[in-house]
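Text of the file coords.txt, holding compact mmCIF, C-alpha atoms:
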# COMPACT_ATOMS: atom_id res chain seq x y z
CA MET A 154 174.97 16.15 103.82
CA LEU A 155 176.67 13.23 102.05
CA VAL A 156 176.78 15.27 98.85
CA MET A 157 178.46 18.11 100.71
CA VAL A 158 181.00 15.84 102.35
CA ALA A 159 181.86 14.37 98.97
CA ALA A 160 182.56 17.87 97.67
CA PHE A 161 185.35 18.16 100.24
CA SER A 162 186.78 14.69 99.87
CA VAL A 163 189.95 15.95 98.19
CA MET A 164 192.45 16.60 100.93
CA SER A 165 195.07 19.31 100.75
CA ALA A 166 198.43 18.23 99.41
CA ASN A 167 200.31 20.06 102.16
CA ALA A 168 203.54 18.38 103.26
CA ALA A 169 204.08 20.45 106.42
CA GLU A 170 201.97 20.26 109.55
CA PRO A 171 200.01 23.34 110.65
CA GLU A 172 201.74 25.30 113.41
CA LYS A 173 198.43 25.78 115.23
CA THR A 174 195.37 23.57 114.84
CA LYS A 175 192.82 25.07 117.26
CA LEU A 176 191.76 28.53 116.13
CA LYS A 177 189.25 31.19 117.08
CA ILE A 178 187.96 33.38 114.24
CA ALA A 179 185.80 36.40 115.02
CA VAL A 180 182.93 37.94 113.08
CA GLY A 181 181.08 41.10 114.02
CA SER A 182 177.61 39.90 113.02
CA GLN A 183 175.77 37.38 110.89
CA ILE A 184 175.41 39.42 107.73
CA LEU A 185 175.42 37.35 104.57
CA ASN A 186 178.86 38.69 103.57
CA TYR A 187 180.47 36.67 106.36
CA MET A 188 178.48 33.47 105.79
CA PRO A 189 181.22 31.38 104.08
CA LEU A 190 183.22 31.17 107.32
CA GLU A 191 180.49 29.33 109.26
CA LEU A 192 179.45 27.43 106.14
CA GLY A 193 183.02 26.17 105.79
CA VAL A 194 182.92 24.95 109.38
CA LYS A 195 179.58 23.21 108.78
CA LEU A 196 180.73 21.54 105.57
CA GLY A 197 183.95 20.28 107.16
CA ALA A 198 186.30 22.30 104.94
CA PHE A 199 188.48 23.40 107.87
CA LYS A 200 188.44 19.94 109.44
CA ASP A 201 189.64 18.49 106.14
CA GLU A 202 192.61 20.84 106.40
CA GLY A 203 193.44 19.56 109.89
CA LEU A 204 192.05 22.64 111.65
CA ASP A 205 189.58 22.97 114.53
CA VAL A 206 187.96 26.38 113.94
CA THR A 207 185.59 28.03 116.39
CA VAL A 208 183.64 31.08 115.21
CA GLU A 209 183.07 33.82 117.78
CA ASN A 210 180.24 36.17 116.84
CA PHE A 211 180.39 39.54 118.57
CA GLN A 212 177.05 40.72 117.07
CA ALA A 213 177.90 44.36 117.80
CA GLY A 214 179.63 45.11 114.51
CA GLY A 215 182.99 44.70 112.85
CA SER A 216 184.81 47.14 115.15
CA LYS A 217 184.33 44.76 118.11
CA ALA A 218 185.65 41.79 116.12
CA LEU A 219 188.64 43.90 115.09
CA GLN A 220 189.30 44.82 118.73
CA ALA A 221 189.27 41.13 119.64
CA LEU A 222 191.99 40.46 117.06
CA VAL A 223 194.15 43.39 118.14
CA GLY A 224 193.66 42.39 121.77
CA GLY A 225 194.74 38.81 121.06
CA SER A 226 191.57 37.02 122.19
CA VAL A 227 191.05 35.57 118.68
CA ASP A 228 193.46 34.37 116.00
CA GLY A 229 191.76 35.99 113.02
CA THR A 230 188.75 38.01 111.98
CA VAL A 231 186.38 37.88 109.06
CA GLY A 232 185.55 41.55 108.68
CA PHE A 233 185.73 44.38 106.21
CA TYR A 234 188.98 44.97 104.34
CA ASP A 235 189.02 48.67 105.18
CA HIS A 236 189.98 47.80 108.78
CA THR A 237 193.42 46.77 107.51
CA ILE A 238 193.88 50.30 106.16
CA GLN A 239 192.65 51.91 109.38
CA MET A 240 195.02 49.79 111.45
CA GLN A 241 198.03 50.65 109.28
CA ALA A 242 197.28 54.33 109.88
CA GLN A 243 197.56 53.50 113.61
CA GLY A 244 200.87 51.70 113.16
CA LYS A 245 199.44 48.17 113.37
CA GLN A 246 200.09 45.59 110.64
CA ILE A 247 196.99 43.57 109.77
CA SER A 248 196.71 41.82 106.42
CA CYS A 249 193.87 40.37 104.35
CA VAL A 250 194.73 36.82 103.26
CA PHE A 251 191.43 35.85 101.58
CA LEU A 252 188.83 38.16 100.06
CA LEU A 253 185.28 36.89 100.55
CA ASN A 254 183.43 39.66 98.72
CA ASP A 255 184.37 41.33 95.43
CA ILE A 256 181.43 43.72 95.85
CA PRO A 257 180.06 45.26 99.06
CA GLY A 258 176.49 43.91 99.20
CA VAL A 259 175.50 46.97 101.24
CA LEU A 260 172.40 49.15 100.85
CA LEU A 261 171.34 52.48 102.29
CA GLY A 262 167.59 52.88 102.39
CA VAL A 263 164.97 55.19 103.84
CA ARG A 264 161.60 54.29 105.34
CA THR A 265 159.09 53.95 102.53
CA GLU A 266 156.85 56.74 103.82
CA LEU A 267 159.80 59.16 103.47
CA ALA A 268 160.65 58.13 99.91
CA ASP A 269 158.80 61.06 98.33
CA LYS A 270 160.96 63.48 100.31
CA VAL A 271 164.26 61.59 100.37
CA LYS A 272 165.40 60.77 96.85
CA THR A 273 169.15 61.45 97.12
CA GLY A 274 171.83 61.47 99.78
CA ALA A 275 171.46 65.23 100.13
CA ASP A 276 167.89 64.72 101.32
CA LEU A 277 169.15 62.89 104.43
CA LYS A 278 169.88 66.25 106.05
CA GLY A 279 168.31 66.45 109.51
CA LEU A 280 167.36 62.75 109.55
CA LYS A 281 168.42 59.82 111.73
CA LEU A 282 170.59 57.19 109.98
CA GLY A 283 171.21 53.79 111.57
CA ILE A 284 174.59 52.03 111.42
CA THR A 285 175.82 48.92 113.24
CA ALA A 286 178.39 50.53 115.57
CA PRO A 287 180.75 53.54 115.77
CA GLY A 288 183.93 52.84 113.84
CA SER A 289 182.34 49.97 111.91
CA SER A 290 182.42 49.74 108.16
CA THR A 291 178.77 50.77 107.97
CA ASP A 292 179.80 53.93 109.82
CA THR A 293 182.61 54.53 107.31
CA MET A 294 180.35 53.92 104.32
CA ALA A 295 177.57 56.10 105.68
CA ARG A 296 179.87 59.04 106.38
CA SER A 297 181.50 58.70 102.96
CA TYR A 298 178.12 58.71 101.22
CA ILE A 299 176.96 61.69 103.28
CA LYS A 300 180.05 63.69 102.34
CA LYS A 301 179.79 62.60 98.69
CA SER A 302 176.22 63.91 98.76
CA GLY A 303 177.41 67.38 99.78
CA LEU A 304 176.51 67.19 103.48
CA GLY A 305 178.66 67.87 106.52
CA PRO A 306 179.29 65.38 109.35
CA ARG A 307 176.71 67.08 111.60
CA ASP A 308 173.97 67.30 109.00
CA VAL A 309 172.84 63.71 109.63
CA ASN A 310 172.29 62.13 113.04
CA ILE A 311 174.16 58.80 112.85
CA ILE A 312 172.92 56.27 115.41
CA ALA A 313 174.31 52.83 116.32
CA VAL A 314 171.49 50.28 116.17
CA GLY A 315 173.34 46.96 115.91
CA SER A 316 173.49 44.58 112.98
CA GLY A 317 170.81 42.52 111.32
CA ALA A 318 167.44 42.17 113.05
CA PRO A 319 167.97 44.99 115.61
CA GLY A 320 168.45 47.49 112.79
CA LEU A 321 165.32 46.22 111.05
CA VAL A 322 163.28 46.54 114.25
CA THR A 323 164.61 50.04 114.92
CA LEU A 324 163.69 51.17 111.41
CA GLU A 325 160.21 49.65 111.59
CA ALA A 326 159.65 51.30 114.97
CA LYS A 327 160.44 54.64 113.27
CA ASN A 328 163.23 55.36 115.74
CA ILE A 329 165.45 56.00 112.72
CA ASP A 330 164.62 57.32 109.28
CA ALA A 331 167.22 55.44 107.24
CA LEU A 332 169.48 52.44 107.63
CA VAL A 333 172.70 50.95 106.25
CA TYR A 334 172.03 47.23 105.86
CA PHE A 335 172.83 43.95 104.11
CA ASP A 336 171.03 40.77 103.18
CA PRO A 337 169.06 39.02 104.57
CA ILE A 338 167.59 42.29 105.94
CA ALA A 339 167.63 43.83 102.44
CA THR A 340 165.30 41.20 101.01
CA LEU A 341 163.06 41.19 104.09
CA LEU A 342 162.62 44.96 103.87
CA ALA A 343 161.93 44.75 100.13
CA ARG A 344 159.25 42.10 100.65
CA LYS A 345 157.59 44.27 103.31
CA ASN A 346 158.08 47.42 101.24
CA GLY A 347 159.66 48.78 104.40
CA ALA A 348 162.49 50.76 102.82
CA ILE A 349 163.49 52.31 99.51
CA PRO A 350 167.24 52.10 98.71
CA LEU A 351 169.16 55.24 97.83
CA PHE A 352 171.84 52.85 96.61
CA ASP A 353 172.10 49.07 96.31
CA ALA A 354 175.70 47.84 96.16
CA ARG A 355 174.83 44.19 95.68
CA THR A 356 175.93 44.82 92.09
CA VAL A 357 179.02 46.28 90.46
CA GLU A 358 177.01 49.25 89.17
CA GLY A 359 175.55 49.90 92.61
CA SER A 360 179.02 49.88 94.13
CA LYS A 361 180.24 52.36 91.54
CA GLN A 362 177.25 54.61 92.21
CA ALA A 363 177.81 54.64 95.96
CA PHE A 364 181.59 54.59 96.21
CA GLY A 365 182.99 55.47 92.80
CA GLY A 366 184.28 51.96 92.13
CA ILE A 367 184.15 48.30 93.10
CA TYR A 368 184.53 48.22 96.88
CA PRO A 369 186.00 44.95 98.24
CA THR A 370 184.52 44.20 101.63
CA ALA A 371 184.63 41.07 103.79
CA CYS A 372 187.91 39.23 104.06
CA LEU A 373 189.85 37.04 106.46
CA TYR A 374 192.43 39.29 108.03
CA LEU A 375 195.17 38.38 110.49
CA GLN A 376 197.92 40.13 112.37
CA GLN A 377 201.07 40.10 110.28
CA SER A 378 202.97 38.61 113.21
CA PHE A 379 200.56 35.62 113.19
CA ILE A 380 201.01 35.17 109.43
CA ASP A 381 204.81 35.21 109.78
CA LYS A 382 204.76 32.72 112.65
CA ASN A 383 202.10 30.37 111.27
CA PRO A 384 202.31 30.27 107.45
CA GLU A 385 201.11 26.66 107.10
CA THR A 386 198.12 27.32 109.36
CA VAL A 387 197.24 30.39 107.30
CA GLN A 388 197.57 28.38 104.09
CA ARG A 389 195.14 25.79 105.37
CA LEU A 390 192.65 28.45 106.48
CA VAL A 391 192.75 29.90 102.98
CA ASN A 392 192.50 26.45 101.38
CA ALA A 393 189.32 25.81 103.37
CA LEU A 394 187.78 29.13 102.40
CA LEU A 395 188.60 28.64 98.73
CA LYS A 396 187.02 25.16 98.83
CA THR A 397 183.93 26.70 100.40
CA HIS A 398 183.71 29.50 97.84
CA ARG A 399 184.13 27.09 94.97
CA TRP A 400 181.33 24.99 96.41
CA ILE A 401 179.09 28.06 96.79
CA ASN A 402 179.69 29.00 93.17
CA SER A 403 179.17 25.48 91.83
CA VAL A 404 175.87 24.41 93.42
CA SER A 405 172.31 25.49 92.75
CA THR A 406 170.81 28.34 94.76
CA GLU A 407 168.41 25.87 96.35
CA GLN A 408 171.22 23.56 97.47
CA LEU A 409 173.15 26.49 98.87
CA VAL A 410 170.12 27.76 100.79
CA ASP A 411 169.64 24.36 102.40
CA ALA A 412 173.27 24.34 103.55
CA ILE A 413 173.53 27.89 104.92
CA PRO A 414 173.85 27.99 108.75
CA PRO A 415 170.61 29.11 110.46
CA GLY A 416 171.83 32.53 111.63
CA TYR A 417 172.31 33.66 108.03
CA LYS A 418 168.82 32.90 106.76
CA THR A 419 165.16 33.22 107.65
CA ASP A 420 162.68 30.46 108.48
CA ASN A 421 161.11 30.81 105.03
CA ARG A 422 162.89 28.79 102.31
CA ASP A 423 161.32 30.79 99.46
CA VAL A 424 162.57 34.02 101.04
CA ASN A 425 166.02 32.51 101.43
CA ILE A 426 166.10 31.54 97.77
CA GLN A 427 165.15 35.11 96.88
CA ILE A 428 167.93 36.43 99.14
CA MET A 429 170.57 34.19 97.62
CA SER A 430 169.42 34.91 94.09
CA ALA A 431 170.05 38.61 94.80
CA SER A 432 173.35 38.13 96.60
CA LYS A 433 175.13 35.00 95.34
CA ALA A 434 177.44 37.19 93.26
CA LEU A 435 178.95 38.47 96.51
CA PHE A 436 181.25 35.52 96.95
CA SER A 437 184.61 35.75 95.21
CA PRO A 438 185.52 32.72 93.09
CA THR A 439 189.25 33.24 93.78
CA GLY A 440 189.65 35.01 97.13
CA GLN A 441 192.23 37.30 95.54
CA MET A 442 192.39 41.09 95.83
CA ASP A 443 192.78 43.40 92.84
CA ILE A 444 195.08 46.33 93.69
CA GLU A 445 192.84 48.72 91.74
CA ALA A 446 189.84 47.62 93.81
CA ALA A 447 191.84 48.09 97.02
CA LYS A 448 192.30 51.75 96.09
CA VAL A 449 188.55 52.38 96.38
CA PRO A 450 188.19 51.89 100.16
CA LEU A 451 191.46 53.79 100.63
CA ALA A 452 189.97 56.73 98.72
CA VAL A 453 186.72 56.51 100.70
CA LEU A 454 188.53 56.42 104.05
CA SER A 455 190.98 59.16 103.09
CA ASP A 456 188.13 61.38 101.97
CA PHE A 457 186.78 61.97 105.45
CA ASP A 458 189.55 60.80 107.82
CA PRO A 459 192.52 63.20 107.78
CA LYS A 460 194.68 60.72 109.75
CA ILE A 461 194.37 58.13 107.00
CA ALA A 462 194.84 60.76 104.29
CA ALA A 463 198.11 61.80 105.95
CA ALA A 464 199.35 58.28 106.73
CA LYS A 465 200.78 57.42 103.29
CA ILE A 466 199.20 53.97 103.36
CA ASP A 467 201.14 51.18 101.65
CA LEU A 468 198.34 49.04 100.20
CA SER A 469 200.76 46.20 99.43
CA LYS A 470 200.99 45.61 103.19
CA THR A 471 197.23 45.47 103.72
CA PHE A 472 196.68 42.27 101.73
CA THR A 473 198.50 39.33 100.18
CA ASN A 474 197.33 37.02 97.41
CA ARG A 475 200.08 34.45 97.91
CA PHE A 476 197.99 32.08 100.02
CA ALA A 477 194.99 32.22 97.69
CA GLU A 478 197.28 31.71 94.68
CA GLN A 479 198.89 28.71 96.37
CA ALA A 480 195.47 27.35 97.32
CA ALA A 481 194.37 27.54 93.69
CA GLN A 482 197.42 25.47 92.72
CA GLN A 483 196.94 22.90 95.49
CA LEU A 484 193.22 22.44 94.87
CA LYS A 485 193.32 21.97 91.08

If you convert what's in this file into structure tokens, what do you get?
Amino acid sequence: MLVMVAAFSVMSANAAEPEKTKLKIAVGSQILNYMPLELGVKLGAFKDEGLDVTVENFQAGGSKALQALVGGSVDGTVGFYDHTIQMQAQGKQISCVFLLNDIPGVLLGVRTELADKVKTGADLKGLKLGITAPGSSTDTMARSYIKKSGLGPRDVNIIAVGSGAPGLVTLEAKNIDALVYFDPIATLLARKNGAIPLFDARTVEGSKQAFGGIYPTACLYLQQSFIDKNPETVQRLVNALLKTHRWINSVSTEQLVDAIPPGYKTDNRDVNIQIMSASKALFSPTGQMDIEAAKVPLAVLSDFDPKIAAAKIDLSKTFTNRFAEQAAQQLK
């Protein structure tokens, strides 16, 4: 741990004091995409910025974490960027201030014994497909892929099975035929030969295959009113996340595995190294959003949700890079 502490020994050069020091940040599950938030807490990155951050894990999917933010029970949420677009369509201003994932890291796979019959998205017709929760990003991605494959919304039975281990158990029990999932479940299923992916968006090419482009996913998003009221607090949150991401991208896979909080890894170190080797590219080195990448989830959402298609979304209000840009200057 001494090595990790040393990595965060450089304090932020902020002159102003944070407007709020005790913060609650929500996540919807412990998928690997969200891991840097809890890792940052463990490594002391937020403490070094003068913040006391508590992570609240709702386990039921990103839609529940989003509801907690809108309802005011948490200060921020680490969830999928597409929620900022959905909220704007409902007249609510939520903005991404730090992008955790440049690529989605999501897979859609079928039970291995069905692989001979299910080779494309069109072959999912009549089958049961597991997602985390209604309205979650896995729901959005599944419905987009189904439509892209030429199927209608009623051609596939979409079932909420929870995130992580519950989805794995449901698939192995044959209560569903296919599943939308992330690491560490992706690597566990591969080792068991339990599922065959129809797409694997842990790579740029996989994201393009599934969604037609690079699909930015997990980010720290906040209500715009909170950002306006607490700019120094937001800056320090972003500083801490950028420190954490730089650390992730600078250490060996083995060192990273040893540091990852328990809920984001298995009990087998070799498996964890395999997981991180497959997914380390998930974590953005800058935390900044590319406007062209932001257009991909907008296109996916607009494709099957007429309310979003008709909302004339202003993407410039769904994210800001100013805090990540400032963090890069402060942490040189």

Shell around region 178-185 of chain A at 6 Å using only C-alpha atoms, local window under 2 positions removed, as a PyMOL selection string: chain A and resi 187-188+208-215+218+227-231+336+417

Coordinates-based distance that separates CA of Leu342 (chain A) from CA of His236 (chain A) (Å, one decimal): 27.9 Å

Residue nearest Val263 (chain A) - candidates A:Leu351, A:Val206, A:Ile238, A:Ala221, atoms counted: only C-alpha atoms: A:Leu351

Residues within 8 Å of Leu390 (chain A), all atoms listed in the file, excluding chain neighbours under 3 positions, as an MDAnalysis selection string: chainID A and resid 199 202 204 386:387 393:394

Polymer residues at most 8 Å from (194.1, 51.7, 106.9) by only C-alpha atoms, as a count of residues only: 14

Separation of CA of Ile256 (chain A) from CA of Ser432 (chain A), in Å and rounded to one decimal: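 We find that CA of Ile256 (chain A) and CA of Ser432 (chain A) lie 9.9 Å from each other.
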
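Separating CA of Gln482 (chain A) from CA of Gln246 (chain A) is a distance of 27.1 Å.
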
Near-region 293-310 of chain A list (8 Å; all atoms listed in the file; drop same-chain fewer than 4 positions) as a list in words: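 After dropping sequence-adjacent residues, the list is Leu261, Thr273, Gly274, Ala275, Leu277, Lys278, Gly279, Leu280, Lys281, Leu282, Ile284, Gly288, Ser289, Val333, Ala363, Phe364, Val453, Leu454, Asp456 and Phe457 of chain A.
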
Pick from A:Pro384, A:Pro337, A:Pro287, A:Gly317, whichever lies nearest to Lys433 (chain A) using all atoms listed in the file: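 Between A:Pro384, A:Pro337, A:Pro287, A:Gly317, the residue approaching Lys433 (chain A) most closely is A:Pro337.
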